[in-house]
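**Student:** What follows is the file upload_16.cif, containing mmCIF, C-alpha atoms:
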```cif
data_query
#
loop_
_atom_site.group_PDB
_atom_site.id
_atom_site.type_symbol
_atom_site.label_atom_id
_atom_site.label_comp_id
_atom_site.auth_asym_id
_atom_site.auth_seq_id
_atom_site.Cartn_x
_atom_site.Cartn_y
_atom_site.Cartn_z
ATOM 1 C CA MET H 25 0.000 0.000 0.000
ATOM 2 C CA ALA H 26 2.983 2.297 0.578
ATOM 3 C CA GLU H 27 6.639 2.809 -0.176
ATOM 4 C CA VAL H 28 9.076 3.678 2.588
ATOM 5 C CA PHE H 29 11.979 6.111 2.217
ATOM 6 C CA LEU H 30 14.723 7.408 4.469
ATOM 7 C CA ALA H 31 14.767 11.198 4.712
ATOM 8 C CA ALA H 32 16.828 13.817 6.506
ATOM 9 C CA VAL H 33 15.229 16.917 7.940
ATOM 10 C CA ALA H 34 17.697 19.796 7.867
ATOM 11 C CA GLY H 35 17.474 22.678 10.294
ATOM 12 C CA PRO H 36 19.553 25.647 11.383
ATOM 13 C CA ALA H 37 23.209 25.405 12.434
ATOM 14 C CA GLY H 38 23.747 21.968 10.898
ATOM 15 C CA PHE H 39 20.780 20.317 12.641
ATOM 16 C CA ASN H 40 19.820 17.074 10.900
ATOM 17 C CA LYS H 41 17.308 14.433 11.910
ATOM 18 C CA LEU H 42 16.679 11.145 10.110
ATOM 19 C CA LEU H 43 13.045 10.214 9.514
ATOM 20 C CA VAL H 44 11.205 7.550 7.606
ATOM 21 C CA VAL H 45 8.650 8.747 5.071
ATOM 22 C CA LYS H 46 5.852 6.342 4.226
ATOM 23 C CA LEU H 47 4.398 7.392 0.867
ATOM 24 C CA MET H 48 1.150 5.976 -0.492
ATOM 25 C CA LYS H 49 1.702 4.212 -3.814
ATOM 26 C CA PRO H 50 0.509 6.394 -6.730
ATOM 27 C CA GLU H 51 -1.563 3.611 -8.307
ATOM 28 C CA LEU H 52 -3.674 3.399 -5.137
ATOM 29 C CA LEU H 53 -4.570 7.093 -5.137
ATOM 30 C CA GLU H 54 -7.439 6.343 -7.529
ATOM 31 C CA GLU H 55 -9.246 4.320 -4.864
ATOM 32 C CA PRO H 56 -11.062 6.343 -2.170
ATOM 33 C CA GLU H 57 -11.027 3.277 0.112
ATOM 34 C CA HIS H 58 -7.210 3.117 -0.001
ATOM 35 C CA LYS H 59 -6.946 6.833 0.751
ATOM 36 C CA ALA H 60 -9.273 6.405 3.733
ATOM 37 C CA MET H 61 -7.296 3.389 4.998
ATOM 38 C CA PHE H 62 -4.016 5.300 4.746
ATOM 39 C CA LEU H 63 -5.459 8.285 6.621
ATOM 40 C CA ASP H 64 -7.023 5.972 9.245
ATOM 41 C CA GLU H 65 -3.601 4.408 9.797
ATOM 42 C CA GLY H 66 -2.047 7.842 10.163
ATOM 43 C CA LYS H 67 -4.691 9.074 12.608
ATOM 44 C CA LEU H 68 -4.335 5.966 14.767
ATOM 45 C CA ALA H 69 -0.545 5.820 14.576
ATOM 46 C CA ALA H 70 -0.225 9.474 15.577
ATOM 47 C CA ARG H 71 -2.219 8.724 18.747
ATOM 48 C CA LEU H 72 0.097 5.889 19.796
ATOM 49 C CA ASN H 73 2.804 7.041 22.188
ATOM 50 C CA HIS H 74 4.540 4.015 23.690
ATOM 51 C CA PRO H 75 8.183 2.871 23.804
ATOM 52 C CA ASN H 76 7.291 -0.356 21.955
ATOM 53 C CA ILE H 77 5.433 1.283 19.049
ATOM 54 C CA VAL H 78 7.102 3.219 16.247
ATOM 55 C CA GLN H 79 6.266 6.916 16.513
ATOM 56 C CA THR H 80 4.386 8.766 13.782
ATOM 57 C CA HIS H 81 5.272 12.454 13.749
ATOM 58 C CA GLU H 82 3.154 13.781 10.926
ATOM 59 C CA VAL H 83 0.466 12.810 8.414
ATOM 60 C CA GLN H 84 0.104 15.057 5.368
ATOM 61 C CA ILE H 85 -1.427 15.412 1.943
ATOM 62 C CA GLU H 86 0.772 17.480 -0.372
ATOM 63 C CA GLY H 87 -0.865 17.875 -3.763
ATOM 64 C CA ASP H 88 -1.841 14.318 -4.660
ATOM 65 C CA GLN H 89 0.790 12.720 -2.381
ATOM 66 C CA TYR H 90 -0.319 11.099 0.883
ATOM 67 C CA PHE H 91 2.503 10.525 3.346
ATOM 68 C CA MET H 92 3.481 9.962 6.957
ATOM 69 C CA ALA H 93 6.706 11.061 8.632
ATOM 70 C CA MET H 94 7.787 8.456 11.153
ATOM 71 C CA GLU H 95 10.539 7.712 13.633
ATOM 72 C CA TYR H 96 13.749 6.336 12.107
ATOM 73 C CA LEU H 97 14.887 3.113 13.774
ATOM 74 C CA ASP H 98 18.484 1.950 13.461
ATOM 75 C CA GLY H 99 18.228 -1.828 13.430
ATOM 76 C CA GLN H 100 16.559 -4.746 11.652
ATOM 77 C CA PRO H 101 13.063 -6.211 11.312
ATOM 78 C CA LEU H 102 12.644 -9.322 13.451
ATOM 79 C CA HIS H 103 12.037 -11.558 10.416
ATOM 80 C CA ARG H 104 15.557 -10.777 9.147
ATOM 81 C CA ILE H 105 17.094 -11.550 12.523
ATOM 82 C CA LEU H 106 15.262 -14.882 12.704
ATOM 83 C CA ARG H 107 16.118 -15.756 9.087
ATOM 84 C CA ARG H 108 19.799 -14.953 9.635
ATOM 85 C CA ALA H 109 19.887 -17.019 12.825
ATOM 86 C CA HIS H 110 18.292 -19.943 11.015
ATOM 87 C CA LYS H 111 20.635 -19.693 8.007
ATOM 88 C CA THR H 112 23.740 -19.609 10.183
ATOM 89 C CA GLN H 113 22.340 -22.103 12.691
ATOM 90 C CA THR H 114 23.126 -19.659 15.507
ATOM 91 C CA TYR H 115 19.791 -19.841 17.213
ATOM 92 C CA LEU H 116 18.763 -17.065 19.525
ATOM 93 C CA PRO H 117 18.552 -17.888 23.222
ATOM 94 C CA LEU H 118 15.135 -18.385 24.767
ATOM 95 C CA HIS H 119 15.429 -15.222 26.864
ATOM 96 C CA TRP H 120 15.780 -13.124 23.680
ATOM 97 C CA HIS H 121 12.625 -14.644 22.210
ATOM 98 C CA LEU H 122 10.798 -13.993 25.465
ATOM 99 C CA HIS H 123 12.098 -10.420 25.543
ATOM 100 C CA PHE H 124 10.833 -9.772 21.994
ATOM 101 C CA LEU H 125 7.479 -11.304 22.877
ATOM 102 C CA CYS H 126 7.034 -9.340 26.118
ATOM 103 C CA GLU H 127 7.918 -6.037 24.440
ATOM 104 C CA VAL H 128 5.484 -6.631 21.572
ATOM 105 C CA LEU H 129 2.766 -7.618 24.031
ATOM 106 C CA ALA H 130 3.374 -4.422 26.035
ATOM 107 C CA GLY H 131 2.855 -2.355 22.867
ATOM 108 C CA LEU H 132 -0.252 -4.325 21.898
ATOM 109 C CA GLU H 133 -1.744 -3.964 25.369
ATOM 110 C CA TYR H 134 -1.165 -0.211 25.297
ATOM 111 C CA ALA H 135 -2.779 0.074 21.850
ATOM 112 C CA HIS H 136 -5.771 -2.049 22.841
ATOM 113 C CA GLU H 137 -6.362 -0.117 26.076
ATOM 114 C CA LEU H 138 -5.990 3.314 24.441
ATOM 115 C CA CYS H 139 -8.952 5.672 24.797
ATOM 116 C CA ASP H 140 -10.117 8.444 22.513
ATOM 117 C CA TYR H 141 -9.889 12.063 23.645
ATOM 118 C CA ASP H 142 -13.376 11.839 25.127
ATOM 119 C CA GLY H 143 -12.402 8.817 27.241
ATOM 120 C CA SER H 144 -14.206 6.193 25.170
ATOM 121 C CA PRO H 145 -12.150 3.056 24.421
ATOM 122 C CA LEU H 146 -10.741 2.789 20.904
ATOM 123 C CA LYS H 147 -10.468 -1.021 21.158
ATOM 124 C CA LEU H 148 -7.594 -0.969 18.695
ATOM 125 C CA VAL H 149 -6.542 -4.327 17.249
ATOM 126 C CA HIS H 150 -3.345 -4.474 15.124
ATOM 127 C CA ARG H 151 -4.426 -7.491 12.977
ATOM 128 C CA ASP H 152 -1.011 -8.015 11.334
ATOM 129 C CA VAL H 153 1.463 -8.922 14.080
ATOM 130 C CA THR H 154 4.209 -10.835 12.299
ATOM 131 C CA PRO H 155 8.028 -10.790 12.497
ATOM 132 C CA HIS H 156 7.859 -8.431 9.475
ATOM 133 C CA ASN H 157 6.098 -5.820 11.622
ATOM 134 C CA VAL H 158 8.375 -6.052 14.651
ATOM 135 C CA PHE H 159 11.579 -4.021 14.572
ATOM 136 C CA VAL H 160 14.597 -4.533 16.822
ATOM 137 C CA THR H 161 17.061 -1.654 17.119
ATOM 138 C CA TYR H 162 20.786 -2.187 17.551
ATOM 139 C CA ALA H 163 20.343 -0.699 21.039
ATOM 140 C CA GLY H 164 17.896 -3.495 21.896
ATOM 141 C CA GLN H 165 14.572 -1.654 21.643
ATOM 142 C CA VAL H 166 11.678 -3.692 20.265
ATOM 143 C CA LYS H 167 9.050 -1.736 18.331
ATOM 144 C CA LEU H 168 5.784 -2.762 16.742
ATOM 145 C CA CYS H 169 5.098 -1.047 13.428
ATOM 146 C CA ASP H 170 2.625 -0.896 10.538
ATOM 147 C CA PHE H 171 -0.862 -0.319 11.876
ATOM 148 C CA GLY H 172 -2.084 -0.207 8.261
ATOM 149 C CA ILE H 173 -4.874 -2.751 8.715
ATOM 150 C CA ALA H 174 -5.550 -2.060 12.375
ATOM 151 C CA LYS H 175 -9.180 -1.952 13.408
ATOM 152 C CA SER H 176 -10.604 0.411 15.973
ATOM 153 C CA MET H 177 -13.917 1.888 17.015
ATOM 154 C CA VAL H 178 -13.115 5.017 14.951
ATOM 155 C CA SER H 179 -12.041 3.332 11.692
ATOM 156 C CA SER H 180 -13.751 4.830 8.683
ATOM 157 C CA VAL H 181 -13.282 1.756 6.446
ATOM 158 C CA GLU H 182 -15.188 -1.474 7.051
ATOM 159 C CA THR H 183 -13.488 -4.748 6.188
ATOM 160 C CA ARG H 184 -15.769 -6.706 3.891
ATOM 161 C CA ALA H 185 -16.267 -10.439 4.450
ATOM 162 C CA GLY H 186 -13.821 -12.528 2.458
ATOM 163 C CA ILE H 187 -11.272 -9.713 2.010
ATOM 164 C CA LEU H 188 -7.763 -10.566 3.206
ATOM 165 C CA ARG H 189 -5.692 -7.580 4.294
ATOM 166 C CA GLY H 190 -2.093 -7.376 5.446
ATOM 167 C CA SER H 191 0.698 -9.819 4.843
ATOM 168 C CA GLY H 192 -1.382 -12.294 2.877
ATOM 169 C CA GLU H 193 1.615 -13.478 0.924
ATOM 170 C CA SER H 194 3.399 -14.219 4.176
ATOM 171 C CA GLU H 195 0.645 -16.317 5.786
ATOM 172 C CA GLY H 196 2.524 -19.509 4.891
ATOM 173 C CA LYS H 197 5.756 -17.869 5.995
ATOM 174 C CA HIS H 198 4.093 -16.990 9.306
ATOM 175 C CA GLU H 199 3.404 -20.682 9.957
ATOM 176 C CA GLN H 200 7.014 -21.486 9.013
ATOM 177 C CA GLN H 201 8.252 -18.778 11.407
ATOM 178 C CA GLN H 202 6.200 -20.342 14.200
ATOM 179 C CA GLN H 203 7.776 -23.716 13.428
ATOM 180 C CA LYS H 204 11.284 -22.151 13.365
ATOM 181 C CA PHE H 205 10.552 -20.411 16.659
ATOM 182 C CA SER H 206 9.570 -23.741 18.210
ATOM 183 C CA GLU H 207 12.758 -25.328 16.911
ATOM 184 C CA THR H 208 14.993 -22.517 18.229
ATOM 185 C CA VAL H 209 13.696 -22.647 21.796
ATOM 186 C CA HIS H 210 14.377 -26.369 22.211
#
```
Show this structure as structure tokens.

**Tutor:**
Amino acid sequence: MAEVFLAAVAGPAGFNKLLVVKLMKPELLEEPEHKAMFLDEGKLAARLNHPNIVQTHEVQIEGDQYFMAMEYLDGQPLHRILRRAHKTQTYLPLHWHLHFLCEVLAGLEYAHELCDYDGSPLKLVHRDVTPHNVFVTYAGQVKLCDFGIAKSMVSSVETRAGILRGSGESEGKHEQQQQKFSETVH
């Protein structure tokens, strides 16, 4: 649904800050539903302020470009870490797996318990928690990202029955990852 780019924001006196820019794919701009989904993601992501969730700084429409400016994370997605460990047969210790899991669960709990400005529960559900959407920084932070198909009480787009959203192509990979995870903890 989007392309992701690394950007540098330049300021006075040599100030520079790295950001990630998530840009909606041009071919999807023709579909009002895709525009609404992208804006829903941005609205929800901007509300999320937790150490285990990637921060969204800005959501904008510039001309016919829809984009989000997000926190830059120096590290690797969890799926790459797991794949590398499997390839090199240097399996991660159980306590690392448990750490990743606990950090992701902390972010999910925060998101699910989040209330709207009027105090009503948003009941936010991520709906695409996979190793592709978990990021581990080189400093050891674990962050959940990509709330693109999240569902909440304030979503403007209804998911129709029979429509698969998210990492559909990785559903089989998800089962393989679960099997690999089971093998690495034994």

**Student:** I need the residue set behind the PyMOL selection byres ((chain H and resi 86-95) around 8) for this file; please write it as a ChimeraX atom specification.

**Tutor:** /H:42-48,50,53,59,62,66,78-85,96-97

**Student:** Mind pulling up the distance from atom CA of H:Ile105 to atom CA of H:Val153?

**Tutor:**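 Computing the Euclidean distance for atom CA of H:Val153 and atom CA of H:Ile105 yields 15.9 Å.
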
**Student:** Please expand the PyMOL selection byres ((chain H and resi 99) around 7) into the concrete residues it hits in this file, giving the result as a PDB file with C-alpha atoms, in the coordinates of the input.

**Tutor:**
```pdb
ATOM      1  CA  LEU H  97      14.887   3.113  13.774  1.00  0.00           C
ATOM      2  CA  ASP H  98      18.484   1.950  13.461  1.00  0.00           C
ATOM      3  CA  GLN H 100      16.559  -4.746  11.652  1.00  0.00           C
ATOM      4  CA  VAL H 160      14.597  -4.533  16.822  1.00  0.00           C
ATOM      5  CA  THR H 161      17.061  -1.654  17.119  1.00  0.00           C
ATOM      6  CA  TYR H 162      20.786  -2.187  17.551  1.00  0.00           C
TER       7      TYR H 162
END
```

**Student:** Rank nothing, just name the residue among H:Lys111, H:Lys167, H:His103, H:Cys139 nearest to H:Thr154, using only C-alpha atoms.

**Tutor:**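 Using only C-alpha atoms, H:Thr154 sits closest to H:His103.
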
**Student:** Quick one: residues within 12 Å of H:Trp120, only C-alpha atoms, excluding same-chain residues fewer than 3 positions away - as a list in words?

**Tutor:**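 Final neighbour list, sorted by chain and number: Leu102, Ile105, Leu106, Tyr115, Leu116, Pro117, His123, Phe124, Leu125, Cys126, Glu127, Val160, Gly164, Gln165, Val166, Phe205, Thr208 and Val209 of chain H.
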
**Student:** How many Å separate atom CA of H:Pro101 from atom CA of H:Leu146?

**Tutor:**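 Atom CA of H:Leu146 lies at a distance of 27.2 Å from atom CA of H:Pro101.
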
**Student:** Just give me the gap between atom CA of H:Ala60 and atom CA of H:His74 in Å, one decimal is fine.

**Tutor:**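 Between atom CA of H:Ala60 and atom CA of H:His74 the gap works out to 24.4 Å.
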
**Student:** All heavy atoms are what I want for stretch 158-169 of chain H; can you complete it accordingly and write them as a short mmCIF file (atom, residue, chain, number, x, y, z; two decimals), keeping the file's coordinate frame?

**Tutor:**
```cif
data_model
loop_
_atom_site.label_atom_id
_atom_site.label_comp_id
_atom_site.auth_asym_id
_atom_site.auth_seq_id
_atom_site.Cartn_x
_atom_site.Cartn_y
_atom_site.Cartn_z
N VAL H 158 7.68 -6.27 13.38
CA VAL H 158 8.38 -6.05 14.65
C VAL H 158 9.80 -5.65 14.30
O VAL H 158 10.47 -6.32 13.51
CB VAL H 158 8.37 -7.32 15.53
CG1 VAL H 158 9.19 -7.12 16.79
CG2 VAL H 158 6.94 -7.73 15.87
N PHE H 159 10.26 -4.56 14.88
CA PHE H 159 11.58 -4.02 14.57
C PHE H 159 12.43 -4.04 15.84
O PHE H 159 11.96 -3.67 16.90
CB PHE H 159 11.45 -2.59 14.05
CG PHE H 159 12.59 -2.16 13.19
CD1 PHE H 159 12.57 -2.36 11.83
CD2 PHE H 159 13.71 -1.58 13.76
CE1 PHE H 159 13.64 -1.97 11.04
CE2 PHE H 159 14.78 -1.19 12.98
CZ PHE H 159 14.74 -1.39 11.61
N VAL H 160 13.67 -4.49 15.70
CA VAL H 160 14.60 -4.53 16.82
C VAL H 160 15.76 -3.60 16.50
O VAL H 160 16.45 -3.77 15.49
CB VAL H 160 15.12 -5.97 17.07
CG1 VAL H 160 16.06 -6.00 18.27
CG2 VAL H 160 13.96 -6.94 17.26
N THR H 161 15.96 -2.59 17.36
CA THR H 161 17.06 -1.65 17.12
C THR H 161 18.37 -2.27 17.60
O THR H 161 18.39 -3.20 18.40
CB THR H 161 16.83 -0.31 17.84
OG1 THR H 161 16.97 -0.50 19.25
CG2 THR H 161 15.48 0.29 17.50
N TYR H 162 19.47 -1.71 17.12
CA TYR H 162 20.79 -2.19 17.55
C TYR H 162 21.03 -1.91 19.03
O TYR H 162 21.86 -2.54 19.65
CB TYR H 162 21.88 -1.57 16.68
CG TYR H 162 21.81 -2.01 15.24
CD1 TYR H 162 21.76 -1.08 14.21
CD2 TYR H 162 21.74 -3.36 14.90
CE1 TYR H 162 21.69 -1.48 12.88
CE2 TYR H 162 21.66 -3.77 13.58
CZ TYR H 162 21.63 -2.82 12.57
OH TYR H 162 21.54 -3.23 11.27
N ALA H 163 20.25 -0.99 19.60
CA ALA H 163 20.34 -0.70 21.04
C ALA H 163 19.46 -1.64 21.87
O ALA H 163 19.45 -1.56 23.08
CB ALA H 163 19.95 0.75 21.30
N GLY H 164 18.71 -2.51 21.19
CA GLY H 164 17.90 -3.50 21.90
C GLY H 164 16.44 -3.14 22.08
O GLY H 164 15.69 -3.91 22.68
N GLN H 165 16.00 -2.00 21.56
CA GLN H 165 14.57 -1.65 21.64
C GLN H 165 13.78 -2.53 20.69
O GLN H 165 14.24 -2.85 19.59
CB GLN H 165 14.34 -0.20 21.26
CG GLN H 165 14.90 0.80 22.22
CD GLN H 165 14.64 2.21 21.70
OE1 GLN H 165 15.07 2.55 20.59
NE2 GLN H 165 13.94 3.01 22.47
N VAL H 166 12.58 -2.90 21.10
CA VAL H 166 11.68 -3.69 20.26
C VAL H 166 10.45 -2.83 20.00
O VAL H 166 9.82 -2.33 20.93
CB VAL H 166 11.27 -5.01 20.97
CG1 VAL H 166 10.31 -5.80 20.10
CG2 VAL H 166 12.51 -5.83 21.31
N LYS H 167 10.14 -2.63 18.71
CA LYS H 167 9.05 -1.74 18.33
C LYS H 167 8.11 -2.43 17.36
O LYS H 167 8.53 -3.04 16.38
CB LYS H 167 9.60 -0.48 17.66
CG LYS H 167 10.54 0.33 18.53
CD LYS H 167 9.93 1.64 18.84
CE LYS H 167 10.88 2.54 19.61
NZ LYS H 167 10.26 3.82 19.87
N LEU H 168 6.82 -2.28 17.63
CA LEU H 168 5.78 -2.76 16.74
C LEU H 168 5.50 -1.67 15.72
O LEU H 168 5.43 -0.48 16.06
CB LEU H 168 4.53 -3.06 17.57
CG LEU H 168 3.34 -3.69 16.87
CD1 LEU H 168 3.72 -5.04 16.26
CD2 LEU H 168 2.21 -3.88 17.88
N CYS H 169 5.36 -2.04 14.46
CA CYS H 169 5.10 -1.05 13.43
C CYS H 169 3.99 -1.52 12.50
O CYS H 169 3.50 -2.64 12.63
CB CYS H 169 6.37 -0.72 12.65
SG CYS H 169 7.23 -2.13 11.95
#
```
